[in-house]
Each structure stands twice: as structure tokens, then as C-alpha cells.
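Q: Quick one: the structure is below, questions incoming.
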Amino acid sequence: MIKAAKVGKRFGERIVLQVIDLQVKRGELVALLGPNGAGKSTLLRVLASLARPSAGEIQVAGYNLLGQVAAARAAIGYLGHQPILYGDLSAEQNLWFYARIYRIPRPGARIRELLSTFDLELRRREPVRTFSRGMQQRLSLARALLHRPKALLLDEPHSGLDREAVAVLDDLLKKQTRKGTAILLATHDLARAQRLAHRVEVLADGRLVASFNRRQLASRQFAATYDRALRAAQRGGSVG
Amino acid sequence: MTAPCAPRSGEGQLAEFGAYLSAIASLVRKDLAVEWRSRQLLASMLVFALLMILIFNFALELDARARAEVSSGVLWATFAFAGTLGLNRSMSIEKDGGALDGLLLAPFDRSAIYFGKTLANMLFVLVVALATLPVYGVLYNIDLWHGGLLLVIVLGAWGYSAVGTLLAAMAMQARSRDLLLPVLLFPLLLPVLVAAVRASSFFLQGLEMEYIWPSLNLLIAYAVIMPALGFMFFDFIVED
């Protein structure tokens with residue numbers, strides 16, 4: 001569903017991603033772990049078509065990001081570090097706007113459903129700039145899910161959420177994978193990755209340096225193994 | 001999964017064009033809704049324009065003949081400076097909260113964003129023009145209700161917005177964007193401003209069309225060439 005082959009990204013002389021080969025299948029949740037500055041957010045932006053790769057090829061839902069970019073974008077739901085919302089518009093107006101540009105037929109019911117899922121119904125008519133960080137994050141998640149994307153690219157989606165909202169989101173991610181959505185989730189939270197992911201990919205210095213399957217994730221020594229993988233990567237090796 | 005790649009029929013292309021126009025309409029509608037809720041942009045543009053017209057009126061004590069010759073310069077200088085406020089604000093609402101990413105992720109050609117923003121900016125300039133023209137007419141004792149002048153204002157506002165939106169998108173990436181925009185904008189605006197001032201002045205003086213055509217032609221050429229450049233380059237300007 002999400003397929004990156006030999007993807008690289010450089011900003012001028014600085015190489016941010018190098019030779020990334022990654023695949024997220026239908027109904028699979030892959031967690032992307034790595035230290036700060038490893039290139040997780042850049043990789044998600046490149047996969048979402050927000051940044052042009054300097055090398056390699058990307059396919060989302062069978063559509064090539066170079067040749068069939070509009071069809072690929074229609075299949076992508078993206079959540080980044082910023083809310084991607086208009087502060088002066090209300091929650092409802094924001095979702096209506098995105099529903100229109102994604103040409104969602106009869107979006108009213110879908111908007112009501114998402115506002116209810118993320119517990120924003122009561123404040124749906126208030127300007128988004130009056131929302132707390134957590135409420136903006138919930139609305140941003142609603143925006144990312146609005147058009148029922150086949151591939152979800154989520155950059156630390158749990159940040160700013162309270163415990164209740166975290167539980168709702170975790171539950172929703174599980175439901176989405178059961179429905180067949182491919183999810184790539186960048187996070188720093190090892191425990192959450194263990195709990196939610198089918199597979200973990202470790203990114204360090206712009207390279208995928210380790211991969212852990214479900215059995216390895218279930219191991220009690222996962223955290224120690226992850227640390228060893230990062231140290232090995234810093235020394236120039238690759239494990240997994 | 002393989003992507004469908006059958007050649008598009010005429011009907012398919014028509015539907016695609018319809019979706020493109022609908023995206024532009026949604027963007028214009030969104031900018032109007034943001035302005036309706038915040039009421040920041042038009043208020044500041046209007047106050048600025050009225051103040052400029054007043055200041056010029058008292059600074060230049062003109063006789064009746066000089067008024068007809070000079071006052072269209074005052075009019076266009078007012079529109080140009082007031083419009084700059086609008087251009088800055090129009091892009092800053094996309095930058096704040098990362099809303100531009102939401103537009104870049106949408107499944108349509110990115111030139112639709114450019115045309116949507118250009119149309120919205122043109123509407124704001126026209127609203128300012130409509131509100132300031134009566135005051136201008138009274139202060140400068142000029143009969144403004146001339147079809148030719150209205151045509152010049154529409155063409156000039158379109159050309160101005162076409163180049164302004166493109167440059168505002170470029171300046172948006174810079175930290176000193178408020179300063180950068182006018183520095184980039186005014187040299188490129190010279191042809192459209194000179195043509196608009198001359199055409200307005202000739203219409204107000206009641207000259208024959210043979211004198212006016214060269215300026216009108218320049219305005220029309222600008223109104224075609226600048227959007228064509230925006231259509232070709234907007235995608236590269238806004239991408240990482």
C-alpha cells in the first residue's frame with residue numbers, strides 16, 4: 001500500500017534521507033522510531049508528497065507519486081507537527097472546507113461522526129484558535145481521516161492528547177488497520193510502538209538501520225535491543 | 001495493486017476540469033469565510049486606502065486640469081500599497097498552523113491553489129476599489145462612473161493579484177517576508193501600474209480609443225502572461 005524504493009532526500013549539500021526501502025502493507029501498522037533529527041518527519045513529508053524526493057520512487061495505493069500524484073494524494077491521510085487548520089474558522093467550517101476539496105459526497109454525516117468520535121461536537125462552531133493544543137490535535141486527526149484514506153502517515157499523533165483521547169486514538173488506529181488502512185506512525189514512545197505496531201522500523205542519520213517484527217516487539221528485552229541497534233548505527237553498522 | 005492508466009476520454013477530462021474549477025471555488029470561498037470571521041484584512045486595507053487618498057488630496061493642491069492628469073496615479077498608488085497588505089495577510093493565513101500543507105496534500109493540480117488565492121486577492125482589491133472610488137470622486141471632483149475605467153480597474157486588479165500572489169508565495173518562505181514582498185513586487189508591477197495609470201487617465205480625460213489601446217493591450221498581455229507563469233511555477237515555489 002505504501003512502497004518506497006531507494007528514496008533519498010537532500011536539502012542542498014545536506015543529506016537527510018538515503019536509500020530508504022520501505023513497505024507498509026494493507027492493514028499493517030508500522031511504527032517509525034528514531035532519535036531526534038533522524039529524518040522521520042522528512043520521510044513522512046516525502047511519502048505524503050509534501051516534499052519532492054531527490055532520488056527513488058514512491059507508490060501509495062498503487063499510484064506513483066511522480067506520475068499519478070493526484071490519485072495518490074486522494075489515498076493519503078497525513079498528520080504533521082502543525083495542525084493544518086485555519087484558526088479563524090470553526091471546527092465544522094474547517095472540516096467542510098477539506099470535505100469540499102476532497103470532493104466527499106454528502107459530507108455532513110461524516111463530519112458529525114468524526115466530531116463525535118473526537119468529542120468536539122459541543123465546540124464545533126467555535127474558532128479553532130480558541131482550542132487547546134489537545135483539541136486542535138483531535139480536530140487535526142479528524143481532518144486526516146475525513147476522506148477515508150487508504151494510507152495514513154502520522155507524525156507523533158499522540159502528542160498533546162490527554163489520556164482519554166490517547167485511548168480513543170489507539171482504538172481508532174486498531175480499527176483502521178482492521179479495515180485495511182496502511183499506517184506509518186512516527187513516534188518516540190517505545191511502549192506505544194510495542195503495543196500498537198505490527199512492525200517497527202528504526203531510522204537513524206537518514207537510514208533505516210533496524211527492523212523488528214511482532215515477535216521481537218513482544219520481547220521484554222525490546223528496549224535494550226532497540227538501544228543496541230541505535231548504538232550500532234552510530235558506529236556505522238546495521239542490525240535487525 | 002496496479003494503477004488504472006487508461007487514456008482519459010473527453011468526458012473524463014471535462015469532469016477533471018470541473019473538479020479543478022470546483023477546487024478554485026472552494027479556495028475562494030474559504031478565503032472569504034476566513035475574512036468574514038476575522039475581519040482583519042479588508043478593514044486594514046480600507047483604512048489604509050482612505051488615508052492615502054486623503055493625504056494625497058491635501059498634499060497636492062491641484063487645479064482642475066492637473067487633477068484629471070495626476071489623480072489616476074494617486075488612485076493606482078493607493079490600490080497598489082493597500083493591496084500589499086492584503087497579499088501578505090493572504091499568504092500568512094496559509095503559513096500559520098501549516099494550513100498550506102493541507103492544500104498541498106489535496107488531490108488536484110496545485111495551480112488551482114494559485115488561481116484560488118489570486119481570485120480571492122483580486123476580490124479584496126476590487127472591494128477596496130469600490131469603497132474608495134466614491135470618496136476619491138468627491139475629493140478630486142472627478143466623475144468616475146465610466147465603463148472604461150471600471151474595465152481598467154478589473155484588468156489591473158487581476159494583473160496585480162496574479163503577480164502579487166506568486167511573489168507572496170515566494171516571500172512566504174522567508175523570515176522577513178513582510179519586507180521582502182514589496183521589494184520583489186513593485187519592480188515587477190511597474191508595467192501594469194504604468195499601463196493602468198495611463199489608461200485610467202486617458203479614459204477620465206475622454207480621449208479617443210486609439211490613444212488608450214496601447215495601455216489596454218499591455219494590461220491584457222500582463223493579465224494573461226502572469227497567470228500563465230503562476231500556472232507553470234507555483235508548484236515549484238511552494239514545495240520543500
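Please note that chains go A, B, ... in the order of the C-alpha cells, that every chain numbers its residues from 1, and that ligands are numbered from 1 in the order shown.
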Which polymer residues have any atom within 10 Å of an atom of Ser44 in chain B, counting only C-alpha atoms, with same-chain residues fewer than 4 positions away left out, as a list in words?

A: Arg39, Gln40, Phe48, Ala49, Ala82, Leu85 and Gly86 of chain B

Q: Contacts of Pro127 in chain A at 8 Å or less, counting only C-alpha atoms, minus same-chain residues fewer than 6 places along, as a PyMOL selection string?

A: chain A and resi 87-91

Q: Can those selected residues be exported to a file as an mmCIF file, in the first residue's frame so that it contains C-alpha atoms?

A:
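The result, written out as part_27.cif:
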data_model
loop_
_atom_site.group_PDB
_atom_site.id
_atom_site.type_symbol
_atom_site.label_atom_id
_atom_site.label_comp_id
_atom_site.auth_asym_id
_atom_site.auth_seq_id
_atom_site.Cartn_x
_atom_site.Cartn_y
_atom_site.Cartn_z
ATOM 1 C CA GLY A 87 -7.571 29.317 13.261
ATOM 2 C CA ASP A 88 -10.246 31.838 12.289
ATOM 3 C CA LEU A 89 -12.655 29.172 11.043
ATOM 4 C CA SER A 90 -14.685 26.929 13.316
ATOM 5 C CA ALA A 91 -14.024 23.185 13.644
#

Q: Select all residues from chain A having any atom no more than 9 Å from an atom of chain B (counting only C-alpha atoms, ignoring ligands), output as a ChimeraX atom specification.

A: /A:1,11,48-52,61-64,68-78,80-89,93-94,97-98,100-103,127

Q: Just write the chosen residues, N, CA and C atoms, as a CSV table (one decimal), in the first residue's frame.

A:
chain,number,residue,atom,x,y,z
A,1,MET,N,0.8,-1.2,0.0
A,1,MET,CA,0.0,0.0,0.0
A,1,MET,C,0.9,1.3,0.0
A,11,PHE,N,18.7,18.5,1.2
A,11,PHE,CA,18.5,19.9,1.1
A,11,PHE,C,19.8,20.6,0.8
A,48,ALA,N,4.2,11.7,1.8
A,48,ALA,CA,2.9,12.4,1.6
A,48,ALA,C,2.9,13.3,0.4
A,49,SER,N,4.0,13.4,-0.3
A,49,SER,CA,4.2,14.3,-1.5
A,49,SER,C,4.3,15.7,-1.1
A,50,LEU,N,4.6,16.0,0.1
A,50,LEU,CA,4.8,17.4,0.6
A,50,LEU,C,6.2,17.9,0.2
A,51,ALA,N,7.1,16.9,0.1
A,51,ALA,CA,8.5,17.3,-0.3
A,51,ALA,C,8.9,16.3,-1.4
A,52,ARG,N,9.6,16.8,-2.4
A,52,ARG,CA,9.9,16.0,-3.6
A,52,ARG,C,11.2,15.2,-3.2
A,61,ALA,N,-1.0,3.3,-2.5
A,61,ALA,CA,-2.3,2.7,-3.0
A,61,ALA,C,-2.2,2.3,-4.5
A,62,GLY,N,-1.0,2.0,-4.9
A,62,GLY,CA,-0.8,1.6,-6.3
A,62,GLY,C,-0.5,2.7,-7.3
A,63,TYR,N,-0.6,4.0,-6.8
A,63,TYR,CA,-0.3,5.1,-7.6
A,63,TYR,C,1.1,5.7,-7.4
A,64,ASN,N,1.7,6.0,-8.5
A,64,ASN,CA,3.1,6.5,-8.4
A,64,ASN,C,3.0,8.0,-8.0
A,68,GLN,N,1.2,9.9,-11.0
A,68,GLN,CA,-0.3,9.9,-10.7
A,68,GLN,C,-0.5,10.5,-9.3
A,69,VAL,N,0.1,11.7,-9.2
A,69,VAL,CA,0.2,12.3,-7.9
A,69,VAL,C,-1.2,12.6,-7.3
A,70,ALA,N,-2.1,13.1,-8.1
A,70,ALA,CA,-3.5,13.5,-7.6
A,70,ALA,C,-4.2,12.3,-7.0
A,71,ALA,N,-4.1,11.1,-7.8
A,71,ALA,CA,-4.8,9.9,-7.3
A,71,ALA,C,-4.1,9.4,-6.0
A,72,ALA,N,-2.8,9.5,-6.0
A,72,ALA,CA,-2.0,9.1,-4.8
A,72,ALA,C,-2.4,10.0,-3.6
A,73,ARG,N,-2.5,11.3,-3.8
A,73,ARG,CA,-2.8,12.2,-2.7
A,73,ARG,C,-4.2,11.9,-2.1
A,74,ALA,N,-5.1,11.5,-3.0
A,74,ALA,CA,-6.5,11.2,-2.6
A,74,ALA,C,-6.5,10.0,-1.6
A,75,ALA,N,-5.5,9.2,-1.7
A,75,ALA,CA,-5.4,8.0,-0.8
A,75,ALA,C,-4.6,8.2,0.5
A,76,ILE,N,-4.1,9.4,0.6
A,76,ILE,CA,-3.2,9.7,1.8
A,76,ILE,C,-3.9,10.5,2.8
A,77,GLY,N,-3.7,10.1,4.1
A,77,GLY,CA,-4.2,11.0,5.2
A,77,GLY,C,-2.9,11.3,6.0
A,78,TYR,N,-2.7,12.6,6.2
A,78,TYR,CA,-1.4,13.0,6.8
A,78,TYR,C,-1.6,13.9,8.0
A,80,GLY,N,0.8,16.1,10.6
A,80,GLY,CA,2.2,16.5,10.8
A,80,GLY,C,2.3,17.2,12.2
A,81,HIS,N,3.4,18.0,12.3
A,81,HIS,CA,3.6,18.6,13.6
A,81,HIS,C,2.7,19.8,13.8
A,82,GLN,N,2.3,20.4,12.7
A,82,GLN,CA,1.3,21.5,12.8
A,82,GLN,C,-0.1,21.1,12.5
A,83,PRO,N,-1.1,21.8,13.1
A,83,PRO,CA,-2.5,21.3,13.0
A,83,PRO,C,-3.1,21.3,11.6
A,84,ILE,N,-2.5,22.1,10.6
A,84,ILE,CA,-3.1,22.2,9.3
A,84,ILE,C,-4.6,22.6,9.3
A,85,LEU,N,-4.8,23.6,10.1
A,85,LEU,CA,-6.2,24.1,10.2
A,85,LEU,C,-6.2,25.6,10.2
A,86,TYR,N,-7.4,26.2,9.9
A,86,TYR,CA,-7.5,27.6,9.9
A,86,TYR,C,-8.0,28.1,11.2
A,87,GLY,N,-7.2,28.9,11.9
A,87,GLY,CA,-7.6,29.3,13.3
A,87,GLY,C,-8.8,30.2,13.3
A,88,ASP,N,-9.1,30.9,12.3
A,88,ASP,CA,-10.2,31.8,12.3
A,88,ASP,C,-11.5,31.1,12.0
A,89,LEU,N,-11.4,29.9,11.4
A,89,LEU,CA,-12.7,29.2,11.0
A,89,LEU,C,-13.0,28.3,12.2
A,93,GLN,N,-16.4,24.4,10.1
A,93,GLN,CA,-16.0,25.0,8.8
A,93,GLN,C,-14.7,24.5,8.2
A,94,ASN,N,-13.8,24.2,9.1
A,94,ASN,CA,-12.5,23.6,8.6
A,94,ASN,C,-12.8,22.2,8.0
A,97,PHE,N,-14.5,22.6,4.6
A,97,PHE,CA,-13.6,23.1,3.6
A,97,PHE,C,-12.8,21.9,3.1
A,98,TYR,N,-12.3,21.1,3.9
A,98,TYR,CA,-11.5,19.9,3.5
A,98,TYR,C,-12.4,18.9,2.8
A,100,ARG,N,-14.9,19.6,0.9
A,100,ARG,CA,-15.1,20.1,-0.4
A,100,ARG,C,-13.9,19.9,-1.3
A,101,ILE,N,-12.7,20.1,-0.8
A,101,ILE,CA,-11.5,20.0,-1.7
A,101,ILE,C,-11.2,18.5,-2.0
A,102,TYR,N,-11.7,17.6,-1.1
A,102,TYR,CA,-11.6,16.2,-1.4
A,102,TYR,C,-12.8,15.6,-2.1
A,103,ARG,N,-13.7,16.5,-2.4
A,103,ARG,CA,-15.0,16.1,-3.1
A,103,ARG,C,-15.7,14.9,-2.5
A,127,PRO,N,-14.2,29.2,16.9
A,127,PRO,CA,-13.0,29.3,16.1
A,127,PRO,C,-11.9,28.4,16.7

Q: Would you mind telling me which residue in A:Glu57, A:Asp227, A:Glu126, A:Asp205 lies nearest to Gln18 in chain A when using only C-alpha atoms?

A: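 Distance minimum relative to Gln18 in chain A lands on A:Asp205.
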
Q: If you run DSSP over the backbone, which residues in range 143-205 of chain A end up helix (DSSP H, G or I)? Put them as a PyMOL selection string.

A: chain A and resi 143-145+163-178+190-196
